[in-house]
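Okay, input.txt now, which holds compact mmCIF, C-alpha atoms:
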# COMPACT_ATOMS: atom_id res chain seq x y z
CA MET K 1 -21.37 21.98 0.75
CA LYS K 2 -20.64 22.53 4.44
CA ALA K 3 -19.92 18.83 5.04
CA PHE K 4 -17.66 18.78 2.00
CA GLU K 5 -15.79 21.86 3.18
CA GLN K 6 -15.25 20.30 6.58
CA ALA K 7 -14.25 16.82 5.42
CA VAL K 8 -12.31 17.45 2.26
CA LEU K 9 -10.98 21.01 2.10
CA PRO K 10 -8.59 20.54 5.04
CA HIS K 11 -6.69 18.21 2.70
CA LEU K 12 -6.28 20.77 -0.05
CA ASP K 13 -2.58 21.13 0.79
CA ALA K 14 -2.08 17.37 0.37
CA ALA K 15 -4.04 17.44 -2.89
CA HIS K 16 -1.94 20.28 -4.24
CA ASN K 17 1.34 18.74 -3.06
CA LEU K 18 0.59 15.46 -4.85
CA ALA K 19 -0.62 17.26 -7.98
CA ARG K 20 2.50 19.46 -7.98
CA TRP K 21 4.86 16.48 -7.68
CA LEU K 22 3.01 14.59 -10.38
CA ALA K 23 2.56 17.44 -12.86
CA GLY K 24 5.93 19.05 -12.26
CA ASN K 25 4.94 22.73 -12.51
CA ASP K 26 2.74 25.21 -10.67
CA GLN K 27 0.14 25.95 -13.33
CA ASP K 28 -0.66 22.33 -14.25
CA ALA K 29 -0.65 21.39 -10.57
CA GLN K 30 -3.28 24.02 -9.79
CA ASP K 31 -5.42 22.91 -12.73
CA VAL K 32 -5.23 19.26 -11.70
CA ALA K 33 -5.84 19.98 -8.01
CA GLN K 34 -8.84 22.21 -8.75
CA GLU K 35 -10.37 19.76 -11.20
CA ALA K 36 -9.87 16.93 -8.69
CA CYS K 37 -11.55 18.89 -5.90
CA LEU K 38 -14.53 19.69 -8.12
CA ARG K 39 -14.82 16.02 -9.02
CA ALA K 40 -14.57 15.15 -5.34
CA PHE K 41 -17.38 17.60 -4.66
CA ARG K 42 -19.58 15.95 -7.29
CA PHE K 43 -18.99 12.48 -5.85
CA PHE K 44 -18.91 13.46 -2.21
CA GLY K 45 -22.32 11.88 -1.72
CA ASN K 46 -20.75 8.49 -2.43
CA PHE K 47 -17.92 8.91 0.03
CA ARG K 48 -18.51 6.42 2.84
CA GLY K 49 -15.02 5.88 4.19
CA ASP K 50 -13.33 7.50 7.14
CA ASN K 51 -10.17 8.54 5.33
CA ALA K 52 -11.08 11.64 3.35
CA ARG K 53 -7.44 12.44 2.62
CA ALA K 54 -6.79 9.06 0.96
CA TRP K 55 -10.08 9.36 -0.93
CA LEU K 56 -9.25 12.85 -2.20
CA LEU K 57 -5.70 11.88 -3.18
CA ALA K 58 -7.00 8.87 -5.15
CA ILE K 59 -9.14 11.33 -7.11
CA VAL K 60 -6.17 13.69 -7.59
CA ARG K 61 -4.19 10.77 -8.94
CA ASN K 62 -6.95 9.67 -11.35
CA THR K 63 -7.47 13.25 -12.48
CA PHE K 64 -3.77 13.65 -13.12
CA TYR K 65 -3.49 10.49 -15.24
CA THR K 66 -6.57 11.48 -17.26
CA TRP K 67 -5.06 14.93 -17.78
CA LEU K 68 -1.70 13.38 -18.66
CA ARG K 69 -3.17 11.20 -21.39
CA LYS K 70 -4.79 14.26 -22.95
CA ASN K 71 -1.88 16.66 -22.65
CA ARG K 72 1.43 14.87 -22.81
CA PRO K 73 3.09 12.00 -24.62
CA PRO K 74 3.68 9.05 -22.28
CA GLU K 75 6.79 9.27 -20.12
CA GLY K 76 7.36 5.53 -20.42
CA THR K 77 10.31 5.42 -18.07
CA LEU K 78 9.55 2.31 -16.06
CA GLU K 79 12.06 0.34 -18.11
CA LEU K 80 14.94 0.86 -15.75
CA ASP K 81 18.49 -0.06 -16.19
CA GLU K 82 18.94 -2.54 -13.37
CA GLU K 83 22.71 -2.45 -13.74
CA ALA K 84 22.73 1.27 -13.23
CA LEU K 85 21.01 0.65 -9.91
CA GLU K 86 23.57 -1.88 -8.84
CA ILE K 87 26.56 0.39 -9.25
CA ALA K 88 24.97 2.99 -6.98
CA ASP K 89 27.35 4.05 -4.27
CA PRO K 90 25.11 4.52 -1.26
CA SER K 91 28.02 5.40 1.00
CA GLY K 92 28.20 8.78 -0.73
CA THR K 93 24.53 9.45 -0.05
CA ALA K 94 24.70 9.71 3.71
CA ALA K 95 27.69 12.02 3.47
CA ALA K 96 25.86 14.12 0.94
CA LEU K 97 22.74 14.30 3.05
CA HIS K 98 24.67 15.09 6.21
CA SER K 99 27.05 17.64 4.79
CA ARG K 100 24.30 19.50 2.95
CA GLN K 101 21.46 19.18 5.38
CA GLY K 102 20.21 22.57 4.23
CA ASP K 103 20.32 21.75 0.56
CA ALA K 104 16.70 20.85 -0.07
CA GLU K 105 17.16 21.82 -3.68
CA SER K 106 19.30 18.79 -4.55
CA VAL K 107 16.84 16.41 -2.85
CA ARG K 108 14.00 18.13 -4.70
CA ARG K 109 15.82 17.60 -7.99
CA ALA K 110 16.43 13.93 -7.17
CA VAL K 111 12.74 13.30 -6.37
CA ALA K 112 11.61 15.24 -9.44
CA ALA K 113 13.90 13.07 -11.60
CA LEU K 114 12.14 9.85 -10.55
CA PRO K 115 9.78 8.17 -13.03
CA VAL K 116 6.24 9.23 -12.17
CA GLU K 117 5.17 5.76 -10.95
CA PHE K 118 7.96 5.85 -8.38
CA ARG K 119 7.56 9.53 -7.57
CA GLU K 120 3.94 9.16 -6.49
CA ILE K 121 4.78 6.29 -4.12
CA VAL K 122 7.60 8.33 -2.55
CA VAL K 123 5.32 11.35 -2.07
CA LEU K 124 2.54 9.25 -0.54
CA ARG K 125 4.94 7.42 1.77
CA GLU K 126 7.47 10.06 2.85
CA MET K 127 5.45 13.27 2.62
CA GLU K 128 1.97 12.02 3.48
CA GLY K 129 2.96 9.12 5.72
CA PHE K 130 0.49 6.61 4.28
CA SER K 131 1.01 2.91 5.09
CA TYR K 132 1.90 0.40 2.36
CA GLN K 133 -1.67 -0.89 2.57
CA GLU K 134 -3.18 2.57 2.19
CA ILE K 135 -0.93 3.35 -0.77
CA ALA K 136 -1.87 0.04 -2.39
CA GLY K 137 -5.57 0.92 -2.08
CA LEU K 138 -5.07 4.51 -3.19
CA ALA K 139 -2.87 3.75 -6.20
CA ASP K 140 -4.77 0.55 -7.04
CA VAL K 141 -1.68 -1.68 -7.14
CA PRO K 142 -0.79 -4.77 -5.08
CA ILE K 143 1.07 -4.10 -1.85
CA GLY K 144 4.07 -6.02 -3.19
CA THR K 145 4.31 -3.52 -6.04
CA VAL K 146 4.22 -0.65 -3.56
CA MET K 147 7.14 -2.20 -1.68
CA SER K 148 9.23 -2.94 -4.76
CA ARG K 149 8.61 0.51 -6.31
CA LEU K 150 9.53 2.17 -3.05
CA ALA K 151 12.73 0.13 -2.79
CA ARG K 152 13.74 0.96 -6.35
CA ALA K 153 12.82 4.61 -5.94
CA ARG K 154 15.05 4.83 -2.90
CA LYS K 155 17.95 3.23 -4.72
CA LEU K 156 17.52 5.74 -7.53
CA LEU K 157 17.40 8.64 -5.07
CA GLN K 158 20.55 7.44 -3.32
CA LYS K 159 22.31 7.03 -6.63
CA HIS K 160 21.26 10.46 -7.84
CA LEU K 161 22.33 12.16 -4.62
CA ALA K 162 25.62 10.28 -4.43
CA ALA K 163 26.45 11.22 -8.02
CA GLU K 164 25.54 14.84 -7.48
CA PHE K 165 28.01 15.22 -4.64
CA LYS K 166 30.88 13.37 -6.19
CA PRO K 167 33.84 15.52 -7.34
CA GLY K 168 32.74 14.76 -10.90
CA GLY K 169 29.65 16.92 -10.43
CA PRO K 170 25.98 16.27 -11.12
CA LEU K 171 24.61 13.48 -13.28
CA MET X 172 19.10 -13.58 11.63
CA ASN X 173 21.93 -12.93 9.17
CA CYS X 174 22.53 -10.04 6.74
CA LEU X 175 20.86 -11.86 3.88
CA GLN X 176 17.70 -12.20 5.93
CA ALA X 177 17.97 -8.70 7.38
CA GLU X 178 18.48 -6.77 4.18
CA PRO X 179 14.96 -7.04 2.70
CA LEU X 180 13.43 -6.18 6.09
CA VAL X 181 15.33 -2.95 6.75
CA ALA X 182 13.01 -0.78 4.64
CA ALA X 183 9.84 -2.19 6.18
CA TYR X 184 11.40 -1.65 9.60
CA ALA X 185 12.32 1.98 8.82
CA ASP X 186 8.76 2.53 7.57
CA GLY X 187 7.27 1.03 10.73
CA GLU X 188 5.70 -1.78 8.71
CA LEU X 189 7.50 -4.79 10.15
CA ASP X 190 5.62 -7.13 12.47
CA PRO X 191 6.79 -7.04 16.08
CA VAL X 192 8.40 -10.48 15.96
CA HIS X 193 10.61 -9.73 12.98
CA ALA X 194 11.28 -6.18 14.20
CA LEU X 195 12.71 -7.56 17.43
CA GLU X 196 14.94 -10.00 15.56
CA LEU X 197 16.12 -7.31 13.19
CA GLU X 198 16.93 -4.99 16.10
CA ARG X 199 19.07 -7.75 17.60
CA HIS X 200 20.86 -8.19 14.30
CA LEU X 201 21.44 -4.44 13.94
CA GLN X 202 23.15 -4.37 17.33
CA ASP X 203 25.88 -6.66 16.06
CA CYS X 204 26.10 -5.69 12.40
CA PRO X 205 27.73 -2.38 11.39
CA ALA X 206 26.96 -2.91 7.68
CA CYS X 207 23.20 -3.35 8.14
CA THR X 208 23.17 -0.54 10.70
CA ARG X 209 24.78 1.76 8.14
CA ALA X 210 22.19 0.79 5.52
CA TRP X 211 19.44 1.52 8.04
CA ARG X 212 20.93 4.92 8.99
CA GLU X 213 21.29 5.87 5.34
CA LEU X 214 17.68 5.01 4.72
CA GLN X 215 16.65 7.05 7.76
CA SER X 216 18.50 10.13 6.56
CA LEU X 217 17.04 9.72 3.07
CA LYS X 218 13.53 9.46 4.54
CA LYS X 219 14.17 12.55 6.63
CA ALA X 220 15.54 14.49 3.67
CA VAL X 221 12.56 13.67 1.43
CA GLY X 222 9.99 14.17 4.17
CA ARG X 223 11.21 17.61 5.18
CA GLU X 224 8.87 20.57 4.98
CA ALA X 225 10.92 22.43 2.38
CA LEU X 226 9.92 19.85 -0.23
CA TYR X 227 6.20 20.16 0.41
CA PHE X 228 4.06 22.27 -1.92
CA PRO X 229 1.11 23.59 0.13
CA ALA X 230 -1.89 24.89 -1.80
CA PRO X 231 -1.40 28.50 -2.88
CA ALA X 232 -4.01 30.99 -1.65
CA GLU X 233 -5.06 31.49 -5.26
CA LEU X 234 -6.08 27.82 -5.63
CA ARG X 235 -8.10 27.97 -2.44
CA SER X 236 -10.00 31.10 -3.42
CA ASN X 237 -10.61 29.95 -7.01
CA LEU X 238 -11.91 26.64 -5.78
CA LEU X 239 -14.25 28.17 -3.22
CA ALA X 240 -15.59 30.60 -5.81
CA GLU X 241 -16.18 27.75 -8.27
CA LEU X 242 -17.93 25.66 -5.61
CA ARG X 243 -20.21 28.57 -4.70
CA THR X 244 -21.12 29.03 -8.36
CA GLN X 245 -21.87 25.32 -8.79
CA THR X 246 -24.02 25.07 -5.67
CA GLY X 247 -25.77 28.29 -6.61
CA ARG X 248 -26.76 26.82 -9.93
CA GLN X 249 -28.33 23.73 -8.45
CA PRO X 250 -32.16 23.83 -8.37
CA SER X 251 -33.55 24.53 -4.95
CA ALA X 252 -36.59 22.28 -5.53
CA PRO X 253 -36.02 18.53 -5.22
CA PHE X 254 -35.97 16.72 -8.54
CA TRP X 255 -39.17 14.78 -7.83
CA ASN X 256 -41.10 18.05 -7.47
CA VAL X 257 -44.35 17.31 -9.36
CA ARG X 258 -45.05 20.97 -9.95
CA SER X 259 -42.02 21.19 -12.19
CA TRP X 260 -43.12 21.09 -15.86
CA ASN X 261 -39.87 19.27 -16.59
CA TRP X 262 -40.65 16.50 -14.13
CA LEU X 263 -40.10 13.55 -16.42
CA GLY X 264 -36.92 14.92 -17.95
CA THR X 265 -35.50 15.77 -14.57
CA ALA X 266 -36.37 12.36 -13.18
CA MET X 267 -34.76 10.74 -16.19
CA SER X 268 -31.60 12.72 -15.84
CA GLY X 269 -31.68 11.92 -12.12
CA ALA X 270 -31.81 8.22 -12.94
CA THR X 271 -29.01 8.58 -15.46
CA LEU X 272 -26.95 10.46 -12.91
CA ALA X 273 -27.62 7.79 -10.31
CA CYS X 274 -26.40 5.12 -12.73
CA LEU X 275 -23.30 7.15 -13.51
CA ALA X 276 -22.65 7.75 -9.84
CA LEU X 277 -23.02 4.04 -9.15
CA LEU X 278 -20.60 3.15 -11.92
CA LEU X 279 -18.12 5.69 -10.63
CA ALA X 280 -18.59 4.55 -7.06
CA VAL X 281 -17.70 1.04 -8.15
CA SER X 282 -14.61 2.10 -10.03
CA LEU X 283 -13.47 4.50 -7.34
CA SER X 284 -14.17 2.33 -4.33
CA ARG X 285 -11.25 1.00 -2.35
CA PRO X 286 -10.79 -2.77 -2.16
CA SER X 287 -13.43 -4.50 -0.06
CA GLY X 288 -12.53 -5.94 3.32
CA ARG X 289 -12.28 -9.43 1.87
CA ASP X 290 -10.15 -8.21 -1.02
CA GLN X 291 -7.84 -6.42 1.31
CA LEU X 292 -7.56 -9.51 3.49
CA ALA X 293 -6.67 -11.67 0.48
CA GLN X 294 -4.01 -9.14 -0.40
CA GLU X 295 -2.63 -9.17 3.13
CA LEU X 296 -2.59 -12.97 3.19
CA VAL X 297 -0.62 -13.15 -0.03
CA SER X 298 1.75 -10.46 1.23
CA GLY X 299 2.23 -12.46 4.42
CA HIS X 300 3.02 -15.53 2.37
CA ILE X 301 5.48 -13.62 0.15
CA ARG X 302 7.13 -11.97 3.14
CA SER X 303 7.72 -15.37 4.68
CA LEU X 304 9.43 -16.53 1.50
CA MET X 305 11.33 -13.29 0.89
CA ALA X 306 12.87 -13.04 4.29
CA ASN X 307 13.76 -16.71 4.10
CA HIS X 308 12.20 -16.82 7.49
CA ALA X 309 9.03 -18.81 7.28
CA LEU X 310 9.52 -20.39 10.66
CA ASP X 311 9.91 -19.30 14.26
CA VAL X 312 9.61 -22.86 15.50
CA VAL X 313 11.07 -25.54 13.29
CA SER X 314 9.53 -28.90 13.98
CA THR X 315 7.67 -31.62 12.21
CA ASP X 316 6.13 -32.61 15.53
CA GLN X 317 2.70 -31.17 16.21
CA HIS X 318 3.30 -31.68 19.94
CA THR X 319 6.22 -29.25 19.75
CA VAL X 320 4.56 -26.70 17.51
CA LYS X 321 1.26 -26.44 19.36
CA PRO X 322 2.69 -25.62 22.80
CA TRP X 323 5.07 -23.12 21.18
CA PHE X 324 2.10 -20.83 20.49
CA ASP X 325 1.05 -20.89 24.16
CA GLY X 326 1.34 -17.43 25.66
CA LYS X 327 2.22 -15.90 22.30
CA LEU X 328 -1.37 -15.72 21.11
CA ASP X 329 -4.70 -15.18 22.84
CA PHE X 330 -6.05 -18.40 21.34
CA ALA X 331 -4.87 -21.98 20.77
CA PRO X 332 -4.67 -22.77 17.06
CA PRO X 333 -5.36 -26.35 15.94
CA VAL X 334 -2.10 -27.99 14.88
CA LYS X 335 -1.77 -31.28 13.06
CA ASP X 336 0.83 -33.02 11.00
CA LEU X 337 -0.35 -34.22 7.61
CA ALA X 338 2.77 -36.19 6.70
CA ALA X 339 0.63 -39.26 6.04
CA GLN X 340 -1.29 -37.27 3.44
CA GLU X 341 2.01 -36.02 1.99
CA PHE X 342 1.67 -32.53 3.42
CA PRO X 343 4.33 -32.69 6.14
CA LEU X 344 4.24 -29.98 8.81
CA ILE X 345 7.57 -28.17 8.91
CA GLY X 346 6.94 -25.56 11.57
CA GLY X 347 5.10 -22.41 12.59
CA ARG X 348 5.51 -18.74 13.30
CA LEU X 349 3.62 -15.68 14.47
CA ASP X 350 2.31 -13.32 11.84
CA TYR X 351 0.33 -10.11 11.86
CA LEU X 352 -2.75 -9.71 9.66
CA GLY X 353 -5.76 -7.41 9.70
CA ASN X 354 -4.50 -5.68 12.85
CA ARG X 355 -4.10 -8.83 14.90
CA ALA X 356 -1.51 -11.46 15.71
CA VAL X 357 -2.29 -14.75 13.97
CA ALA X 358 -0.82 -18.24 13.89
CA ALA X 359 0.92 -19.32 10.71
CA LEU X 360 1.56 -23.03 10.23
CA VAL X 361 3.88 -24.01 7.44
CA PHE X 362 3.45 -27.20 5.45
CA GLN X 363 5.23 -28.52 2.45
CA ARG X 364 4.35 -30.48 -0.64
CA HIS X 365 7.37 -31.28 -2.75
CA LYS X 366 9.04 -27.88 -3.31
CA HIS X 367 5.94 -25.84 -2.50
CA LEU X 368 5.40 -24.14 0.83
CA ILE X 369 1.91 -23.75 2.20
CA ASN X 370 1.22 -21.02 4.73
CA LEU X 371 -1.86 -21.76 6.82
CA PHE X 372 -3.04 -18.66 8.67
CA ILE X 373 -5.35 -19.22 11.63
CA TRP X 374 -7.22 -16.87 13.94
CA PRO X 375 -10.49 -16.98 15.90
CA GLY X 376 -13.60 -16.51 13.77
CA THR X 377 -17.26 -17.46 13.79
CA GLU X 378 -18.58 -20.71 15.23
CA THR X 379 -20.35 -21.81 12.04
CA ALA X 380 -18.18 -24.22 10.11
CA THR X 381 -17.79 -23.58 6.39
CA PRO X 382 -16.10 -26.09 4.08
CA PRO X 383 -12.88 -25.24 2.20
CA ALA X 384 -13.43 -23.11 -0.89
CA ALA X 385 -10.96 -21.52 -3.25
CA VAL X 386 -11.11 -17.75 -3.83
CA ALA X 387 -9.71 -15.94 -6.87
CA PRO X 388 -5.93 -16.39 -7.10
CA ARG X 389 -3.82 -13.32 -6.49
CA GLN X 390 -0.38 -12.57 -7.94
CA GLY X 391 -0.12 -16.19 -8.94
CA TYR X 392 -0.85 -17.58 -5.48
CA ASN X 393 -3.85 -19.73 -4.70
CA LEU X 394 -5.99 -19.08 -1.65
CA VAL X 395 -8.38 -21.44 0.12
CA HIS X 396 -10.65 -20.36 2.95
CA TRP X 397 -12.65 -22.32 5.53
CA THR X 398 -13.67 -22.25 9.19
CA GLN X 399 -13.40 -25.05 11.69
CA ALA X 400 -13.99 -25.17 15.45
CA GLY X 401 -14.47 -21.43 15.65
CA MET X 402 -11.27 -20.68 13.78
CA THR X 403 -10.88 -18.80 10.49
CA CYS X 404 -8.39 -20.63 8.28
CA TRP X 405 -6.68 -19.41 5.12
CA ALA X 406 -4.20 -21.49 3.16
CA VAL X 407 -1.93 -19.65 0.72
CA SER X 408 0.49 -21.32 -1.67
CA ASP X 409 1.87 -21.49 -5.17
CA LEU X 410 0.64 -25.09 -5.14
CA ASN X 411 -2.15 -25.74 -7.67
CA GLU X 412 -5.69 -25.09 -6.52
CA GLN X 413 -6.75 -28.74 -6.51
CA GLU X 414 -3.96 -29.90 -4.23
CA LEU X 415 -4.42 -26.89 -1.99
CA LEU X 416 -8.11 -27.78 -1.61
CA GLU X 417 -7.08 -31.34 -0.85
CA PHE X 418 -4.75 -30.03 1.82
CA ALA X 419 -7.51 -27.89 3.31
CA ARG X 420 -9.93 -30.85 3.44
CA ASP X 421 -7.30 -33.02 5.10
CA PHE X 422 -6.62 -30.36 7.69
CA ALA X 423 -10.31 -29.68 8.33
CA SER X 424 -11.26 -33.35 8.68

What is this structure when it is put down as C-alpha cells?
Amino acid sequence: MKAFEQAVLPHLDAAHNLARWLAGNDQDAQDVAQEACLRAFRFFGNFRGDNARAWLLAIVRNTFYTWLRKNRPPEGTLELDEEALEIADPSGTAAALHSRQGDAESVRRAVAALPVEFREIVVLREMEGFSYQEIAGLADVPIGTVMSRLARARKLLQKHLAAEFKPGGPL
Amino acid sequence: MNCLQAEPLVAAYADGELDPVHALELERHLQDCPACTRAWRELQSLKKAVGREALYFPAPAELRSNLLAELRTQTGRQPSAPFWNVRSWNWLGTAMSGATLACLALLLAVSLSRPSGRDQLAQELVSGHIRSLMANHALDVVSTDQHTVKPWFDGKLDFAPPVKDLAAQEFPLIGGRLDYLGNRAVAALVFQRHKHLINLFIWPGTETATPPAAVAPRQGYNLVHWTQAGMTCWAVSDLNEQELLEFARDFAS
C-alpha cells in the first residue's frame, strides 16, 4: 500500500487529466480514473518498469475503452475527410493563437472536437510530454501510427482554430 | 535539403525527436526558407497553446479522498494471515483461489506488458527505415565505392563498421548515413536490389557470431538479424524475406 502510494499516486493528476480528455465530462472522468487506480493497485505487484506514470496511463486508457464499450455507442470518427484537411488555412491559426493568447477556451474546444484516437495522442504528447516511442508502447500502436495521428490531429486543430477566428465565425 | 525533404521532418524536430544529423540539416534549411520557418513557428505556437496549464485537468480533491478511502477499505479486507497458513480451515480453497489469481495475474501481466526490448528494437529499426524513405534522404554519403563510404564514417562513430559492395551479387551499395537507434548513433548502409532499398544498420555487439535469421515482419517490412566480427547487424527492407536473407549471407560471408 505504501509503495503503491509512493510510486503511483503522484501521477493521479495525469491519470485524471487523461481520463477527463477521453471521457469528456467530470463525472465519467472521475469514475474512469478511480477504477483505473484501483486496477493499478490490484496489479501493482506485477509492475516491474521504471515509468509508473506511463504504466498508470496505459491502465487508464484500457479502463476507458472498456468503459466506453459498455456505456456508449462507438464514436467511429476515424474516417476523415482528407480533402477537408487540405483546404485548412494554417496562416489563420498563428494569428488566432497570437491574438487570443488568453483564450484557452477555444483551444480547449478544438482539442475536445478531435476524434478520440487523435485526442489521446495529443494529450500524451503535448500535455504529458511523452516521446513517440513511449506513446507507441502506452497506446499499443506502431510508432509510425503515432506520428501520422499526431500530424493529422495537428492539421485538424489548425483548421478548427483558423475557422473559429475567421470573420465567418465558428465551424 | 529542400522544402519537400524538410516538410515531413518539421514536426519531429519541434517534438525533439529528430536525430542530430537531420536536425542540423533542417536548421540550416530553416535559416534560408521563410515558408518552412513559418510552418515551424505555427507548430510551436500550437504546441504551446495545447500544452498550457489552463487546459490541464488536475485530479479534484474529491477523487483523491474517495480513492484513498477505497484503498484503505480494500487493504483492510485482505486477510492478515498468508494464504498458505496451514491453520486456516479453508487452506485448500484459499490455495486454489491463490493459484487461479496467479494465473489471472500472469495473463494480465502478459497483456499489459510493454513491448519487449527486442520488439521495441524491431519497431525502431522499421521506423528508421521508413524515415529514410519518407524524408527522401537515405544517404549522407552517396557512393557505390566501399573505399569512399568506409572512411566517411571515421570520426562520426565510435566504431568502424564493415563496408562492402555487393554489386557482383546484384545488391549494389549506394551509400551510407548516420542513424540513431536505441539511444546510440549507428551506421546505416544502403543497398539496392531492383527498386527495393535495403537499410543495413550496424553497431557494436557481442563477439559471438550468429548466422542471419529472419524475425517476424513488421508493418510489411522484413527484418533479418545477425552478428559478425563483434558487430550487430540488422537488414530492413520491403524486399522479400528470401532475397533479404540472401543479401545478409552475402554480406556476412

**Asked** Could you work out how far CA of Leu238 (chain X) lies from CA of Trp67 (chain K), giving the answer in Å with one decimal?
**Response** 18.1 Å

Up to 6 Å from chain X, what residues of chain K turn up? Count only C-alpha atoms and give them as a PDB file with C-alpha atoms, in the frame of the given file.
ATOM      1  CA  ASP K  13      -2.580  21.130   0.790  1.00  0.00           C
ATOM      2  CA  HIS K  16      -1.940  20.280  -4.240  1.00  0.00           C
ATOM      3  CA  ASN K  17       1.340  18.740  -3.060  1.00  0.00           C
ATOM      4  CA  ALA K  94      24.700   9.710   3.710  1.00  0.00           C
ATOM      5  CA  GLU K 126       7.470  10.060   2.850  1.00  0.00           C
ATOM      6  CA  MET K 127       5.450  13.270   2.620  1.00  0.00           C
ATOM      7  CA  GLY K 137      -5.570   0.920  -2.080  1.00  0.00           C
TER       8      GLY K 137
END

**Complete:** Across X:Arg348, X:Lys321, X:Arg289, X:His200, the smallest distance to His396 (chain X), with all atoms listed in the file counted, is shown by X:Arg289

**Prompt:** In Å, with one decimal, what is the gap from CA of Ala151 (chain K) to CA of Val181 (chain X)?
**Reply:** 10.4 Å

Select from region 317-354 of chain X every residue with an atom at most 12 Å from any atom of region 399-412 of chain X, then for each give the shortest pair of atoms and their distance in Å to one decimal, using only C-alpha atoms, rows by chain and rising number, as a Markdown table.
| residue | atom | partner | partner_atom | distance |
| --- | --- | --- | --- | --- |
| X:Phe330 | CA | X:Met402 | CA | 9.5 |
| X:Ala331 | CA | X:Met402 | CA | 9.6 |
| X:Pro332 | CA | X:Met402 | CA | 7.7 |
| X:Pro333 | CA | X:Met402 | CA | 8.5 |
| X:Val334 | CA | X:Cys404 | CA | 11.7 |
| X:Phe342 | CA | X:Leu410 | CA | 11.4 |
| X:Leu352 | CA | X:Trp405 | CA | 11.4 |

**Request:** Provide the CA of Asp290 (chain X) to CA of Ser148 (chain K) distance in Å, to one decimal place.
**Result:** 20.4 Å

Let me have the centre and edge lengths in Å, one decimal, of the box along x, y and z around every listed atom of region 25-29 of chain K with 4 Å of margin on each side, as JSON.
{"center_x": 2.1, "center_y": 23.7, "center_z": -12.4, "size_x": 13.6, "size_y": 12.6, "size_z": 11.7}

**Fill in**
Among X:Leu337, X:Leu371, X:Ala177, X:Cys207, Leu195 (chain X) is approached most closely, using all atoms listed in the file, by X:Ala177

**Request:** Write out as a PyMOL selection string which residues come within 8 Å of Phe118 (chain K) when counting all atoms listed in the file, dropping same-chain ones fewer than 3 positions away.
**Result:** chain K and resi 114-115+121-122+149-150+152-153

**Prompt:** Near region 9-11 of chain K, within 12 Å and counting all atoms listed in the file, which residues show up once chain neighbours fewer than 5 positions away are dropped, as a ChimeraX atom specification?
**Reply:** /K:1-4,16-18,33-34,36-38,40-41,44,51-57,60,128 /X:229-230,234-236,238-239,242

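You can rank X:Ala385, X:Leu349, X:Cys174, X:Ala185 by their closest distance to Ala293 (chain X) using all atoms listed in the file, and at the top of that list sits X:Ala385.
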
**Request:** Rank nothing, just name the residue among X:Gly346, X:Gly376, X:Gly299, X:Gly326 nearest to Asp311 (chain X), using all atoms listed in the file.
**Result:** X:Gly346
